[in-house]
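These notes are about the structure you will find just below.
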Amino acid sequence: MAEIGVVIVAGGSGRRMGGTLPKQFMMLGNLPILGRTINRFREALPAAQIVVVLPEEHIELWRNLSARFEIAKHEITKGGTERFYSVKSGIEALGSEVKTIAIQDGVRPLLSKKLIIKLVLEAQKHTAVIPAVAPADSYRIVEGDDSRIIDRAQLRMIQTPQVFVAEALREAYKQPFSASFTDDASVMEAAGHHITLIEGERQNIKITTPSDMIIAEAIIAAEEDDTQL
């Protein structure tokens, strides 16, 4: 029985991408974006239980689409009106024997196997482990008509997968929903848990806009060139 569970949340509508097809189903190279995300986790964690959370109206679409490609075995469950409820549904779909849970955005297909494995190993030492990268740009806080610079050394851009001790995560998701829950780490933090940051990856982008697709296609092309050398 699987001791590691992966919940892949894929509830995007694709509005910012500008197309009619939800972005998680769009093609990136020779696979749908969501399929690449699933396969990357199966490669890194061969024995893991993988659950994909989708809006109910997208489930049949994904079943039909995924059947056309070589996409690793996974289960599907119905999401909710907020990401919080979708993650909760994914957690509930995992087996009771799962001891470590990774939560991943469906449209982050470019992370390395090394990062996934590193996060899972760190979660054996810490209750909540998330990847983060330092921002390269400068930032200002806007206050009415004024703004002021903020020290970017104090800021981090947060990524997924976010990996947790399963028992603590299940308990944290018994809390009532709050608009302050922007990711799974914020749910755990509200439940009183310390969040451990580890270095993420620049390439681990969330594909949201057409420009993100251009970057992702370039990364995929570079990866394929490396494998052919």
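Letters A, B, ... mark the chains of the structure tokens in the order given; residue numbers begin at 1 per chain; ligand numbers begin at 1, in order shown.
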Just want the 9 Å neighbourhood of Ala2 of chain A, counted on only C-alpha atoms, with same-chain residues fewer than 5 positions away dropped. Output as a count of residues only. 7
Residues within 12 Å of segment 81-87 of chain A, only C-alpha atoms, excluding chain neighbours under 4 positions, as a PyMOL selection string: chain A and resi 6-12+51-56+76-77+91-94+101-106+162+169-170+172-188
With N, CA and C atoms retained, export the selected residues as a compact mmCIF listing (two decimals), in the first residue's frame.
```txt
# COMPACT_ATOMS: atom_id res chain seq x y z
N VAL A 6 0.00 11.82 -3.51
CA VAL A 6 0.16 13.06 -4.27
C VAL A 6 -1.22 13.54 -4.69
N VAL A 7 -1.53 14.77 -4.33
CA VAL A 7 -2.79 15.39 -4.75
C VAL A 7 -2.45 16.48 -5.76
N ILE A 8 -2.90 16.30 -7.00
CA ILE A 8 -2.64 17.27 -8.06
C ILE A 8 -3.93 18.03 -8.33
N VAL A 9 -3.90 19.31 -8.05
CA VAL A 9 -5.10 20.15 -8.16
C VAL A 9 -5.12 20.81 -9.54
N ALA A 10 -6.17 20.55 -10.30
CA ALA A 10 -6.24 21.04 -11.68
C ALA A 10 -7.60 21.66 -11.96
N GLY A 11 -7.84 22.79 -11.32
CA GLY A 11 -9.17 23.40 -11.42
C GLY A 11 -9.23 24.67 -12.25
N GLY A 12 -8.16 24.98 -13.00
CA GLY A 12 -8.13 26.23 -13.74
C GLY A 12 -9.13 26.29 -14.88
N VAL A 51 -3.66 11.27 -6.96
CA VAL A 51 -5.05 11.67 -7.12
C VAL A 51 -5.09 13.02 -7.82
N VAL A 52 -5.84 13.10 -8.90
CA VAL A 52 -6.02 14.36 -9.63
C VAL A 52 -7.40 14.91 -9.30
N VAL A 53 -7.44 16.18 -8.90
CA VAL A 53 -8.70 16.82 -8.52
C VAL A 53 -9.13 17.76 -9.65
N LEU A 54 -10.32 17.52 -10.18
CA LEU A 54 -10.84 18.29 -11.31
C LEU A 54 -12.25 18.80 -11.02
N PRO A 55 -12.62 19.93 -11.65
CA PRO A 55 -14.04 20.31 -11.59
C PRO A 55 -14.89 19.20 -12.20
N GLU A 56 -16.06 18.97 -11.66
CA GLU A 56 -16.90 17.87 -12.13
C GLU A 56 -17.13 17.93 -13.64
N ILE A 76 -9.03 9.97 -10.10
CA ILE A 76 -9.66 11.27 -10.32
C ILE A 76 -10.76 11.47 -9.26
N THR A 77 -10.80 12.67 -8.71
CA THR A 77 -11.89 13.00 -7.79
C THR A 77 -12.39 14.41 -8.09
N ILE A 91 -7.31 14.96 -0.50
CA ILE A 91 -6.78 14.32 0.71
C ILE A 91 -7.69 13.17 1.14
N GLU A 92 -8.99 13.41 1.08
CA GLU A 92 -9.95 12.39 1.50
C GLU A 92 -9.94 11.18 0.56
N ALA A 93 -9.50 11.38 -0.68
CA ALA A 93 -9.45 10.28 -1.65
C ALA A 93 -8.22 9.39 -1.47
N LEU A 94 -7.25 9.85 -0.69
CA LEU A 94 -6.05 9.07 -0.45
C LEU A 94 -6.32 7.96 0.57
N ILE A 101 2.04 13.50 2.36
CA ILE A 101 1.19 13.99 1.27
C ILE A 101 1.85 15.19 0.61
N ALA A 102 1.94 15.12 -0.72
CA ALA A 102 2.42 16.24 -1.53
C ALA A 102 1.24 16.85 -2.27
N ILE A 103 1.12 18.16 -2.22
CA ILE A 103 0.06 18.88 -2.93
C ILE A 103 0.71 19.67 -4.06
N GLN A 104 0.22 19.47 -5.29
CA GLN A 104 0.86 20.05 -6.47
C GLN A 104 -0.15 20.75 -7.37
N ASP A 105 0.25 21.89 -7.93
CA ASP A 105 -0.55 22.55 -8.96
C ASP A 105 -0.48 21.72 -10.24
N GLY A 106 -1.61 21.49 -10.87
CA GLY A 106 -1.62 20.72 -12.11
C GLY A 106 -0.87 21.38 -13.25
N GLN A 162 3.97 21.25 -2.19
CA GLN A 162 4.13 21.48 -0.76
C GLN A 162 3.86 20.13 -0.09
N LEU A 169 -1.68 17.26 8.18
CA LEU A 169 -2.42 17.91 7.10
C LEU A 169 -3.90 17.59 7.16
N ARG A 170 -4.22 16.34 7.40
CA ARG A 170 -5.64 15.96 7.51
C ARG A 170 -6.33 16.74 8.64
N ALA A 172 -5.38 19.67 9.85
CA ALA A 172 -5.44 21.08 9.48
C ALA A 172 -6.62 21.38 8.56
N TYR A 173 -6.94 20.42 7.69
CA TYR A 173 -8.04 20.63 6.75
C TYR A 173 -9.42 20.39 7.36
N LYS A 174 -9.45 20.17 8.66
CA LYS A 174 -10.74 20.13 9.37
C LYS A 174 -11.17 21.54 9.79
N GLN A 175 -10.26 22.52 9.62
CA GLN A 175 -10.61 23.91 9.93
C GLN A 175 -11.66 24.43 8.96
N PRO A 176 -12.46 25.39 9.38
CA PRO A 176 -13.37 26.05 8.44
C PRO A 176 -12.57 26.82 7.39
N PHE A 177 -13.12 26.96 6.21
CA PHE A 177 -12.46 27.72 5.14
C PHE A 177 -12.28 29.18 5.55
N SER A 178 -11.13 29.74 5.16
CA SER A 178 -10.85 31.15 5.36
C SER A 178 -10.27 31.73 4.08
N ALA A 179 -10.64 32.97 3.76
CA ALA A 179 -10.10 33.62 2.57
C ALA A 179 -8.60 33.83 2.67
N SER A 180 -8.04 33.71 3.87
CA SER A 180 -6.60 33.87 4.07
C SER A 180 -5.82 32.63 3.66
N PHE A 181 -6.52 31.54 3.32
CA PHE A 181 -5.85 30.31 2.90
C PHE A 181 -5.48 30.41 1.42
N THR A 182 -4.29 30.94 1.14
CA THR A 182 -3.85 31.12 -0.24
C THR A 182 -3.14 29.89 -0.79
N ASP A 183 -2.66 29.03 0.09
CA ASP A 183 -2.05 27.77 -0.30
C ASP A 183 -2.14 26.81 0.87
N ASP A 184 -1.57 25.63 0.72
CA ASP A 184 -1.69 24.62 1.76
C ASP A 184 -0.85 24.96 2.98
N ALA A 185 0.28 25.63 2.75
CA ALA A 185 1.12 26.06 3.87
C ALA A 185 0.36 27.02 4.78
N SER A 186 -0.47 27.88 4.20
CA SER A 186 -1.23 28.83 5.02
C SER A 186 -2.28 28.11 5.86
N VAL A 187 -2.81 27.01 5.34
CA VAL A 187 -3.76 26.20 6.13
C VAL A 187 -3.03 25.57 7.31
N MET A 188 -1.85 25.03 7.05
CA MET A 188 -1.06 24.40 8.11
C MET A 188 -0.61 25.43 9.14
```
What is the distance, in Å and to one decimal place, between atom CA of Phe164 of chain A and atom CA of Ala123 of chain A? 6.0 Å
Compile the contact shell of His193 of chain A as a ChimeraX atom specification: residues with an atom at most 8 Å away, counting only C-alpha atoms, same-chain residues fewer than 4 positions apart removed. /A:127-128,188-189
For the selection just defined, write its residues with C-alpha atoms to a file, as a CSV table (one decimal), in the first residue's frame.
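File written: out_24.csv
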```csv
chain,number,residue,atom,x,y,z
A,127,THR,CA,6.0,18.6,9.4
A,128,ALA,CA,5.5,21.1,6.6
A,188,MET,CA,-1.1,24.4,8.1
A,189,GLU,CA,0.2,27.7,9.6
```
Would you please work out which residue, of A:Leu65, A:Ile130, A:Val120, A:Ile59, is nearest to Lys78 of chain A when using only C-alpha atoms?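 With only C-alpha atoms as the atom set, the closest residue is A:Ile59.
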What is the atom CA of Ser66 of chain A-atom CA of Arg108 of chain A distance in Å, reported with one decimal?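 Distance reported for this atom pair: 17.2 Å.
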Run DSSP on the backbone and tell me which residues of segment 25-166 of chain A come out as strand (DSSP E or B); list them as a PyMOL selection string. chain A and resi 27-28+31-32+49-54+75-78+100-105+128-133+139-143+146-150+157-158+162-165
Option closest in space to Leu119 of chain A, from A:Ser89, A:Asn39, A:Ser96, A:Thr196 [counting only C-alpha atoms]: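 Counting only C-alpha atoms, the residue closest to Leu119 of chain A is A:Thr196.
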Could you check the closest approach to Leu121 of chain A for each of A:Phe25, A:Ile158, A:Ile198, A:Ala134 and tell me which residue wins, using only C-alpha atoms?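 Of A:Phe25, A:Ile158, A:Ile198, A:Ala134, the one nearest Leu121 of chain A, counting only C-alpha atoms, is A:Ile198.
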I need the residue nearest Lys113 of chain A from this list: A:Leu21, A:Leu45, A:Ala191, A:Met27. Use only C-alpha atoms for the distance.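 That would be A:Leu45, the residue with the smallest distance to Lys113 of chain A.
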Nearest to Ile50 of chain A by atom-to-atom distance, counting only C-alpha atoms, from A:Gly80, A:Gly5, A:Pro32, A:Gly200: A:Gly5
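For Gln159 of chain A, the residues within 8 Å (counting only C-alpha atoms, excluding itself and residues fewer than 4 positions away along the chain) are A:Ile130, A:Pro131, A:Ala132, A:Val133, A:Gly200, A:Asn204, A:Ile205.
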So, with only C-alpha atoms as the atoms that count, which of A:Ile195, A:Val129, A:Ile33, A:Ile214 lies closest to Pro109 of chain A?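 Looking only at the distances to Pro109 of chain A, the closest residue turns out to be A:Ile33.
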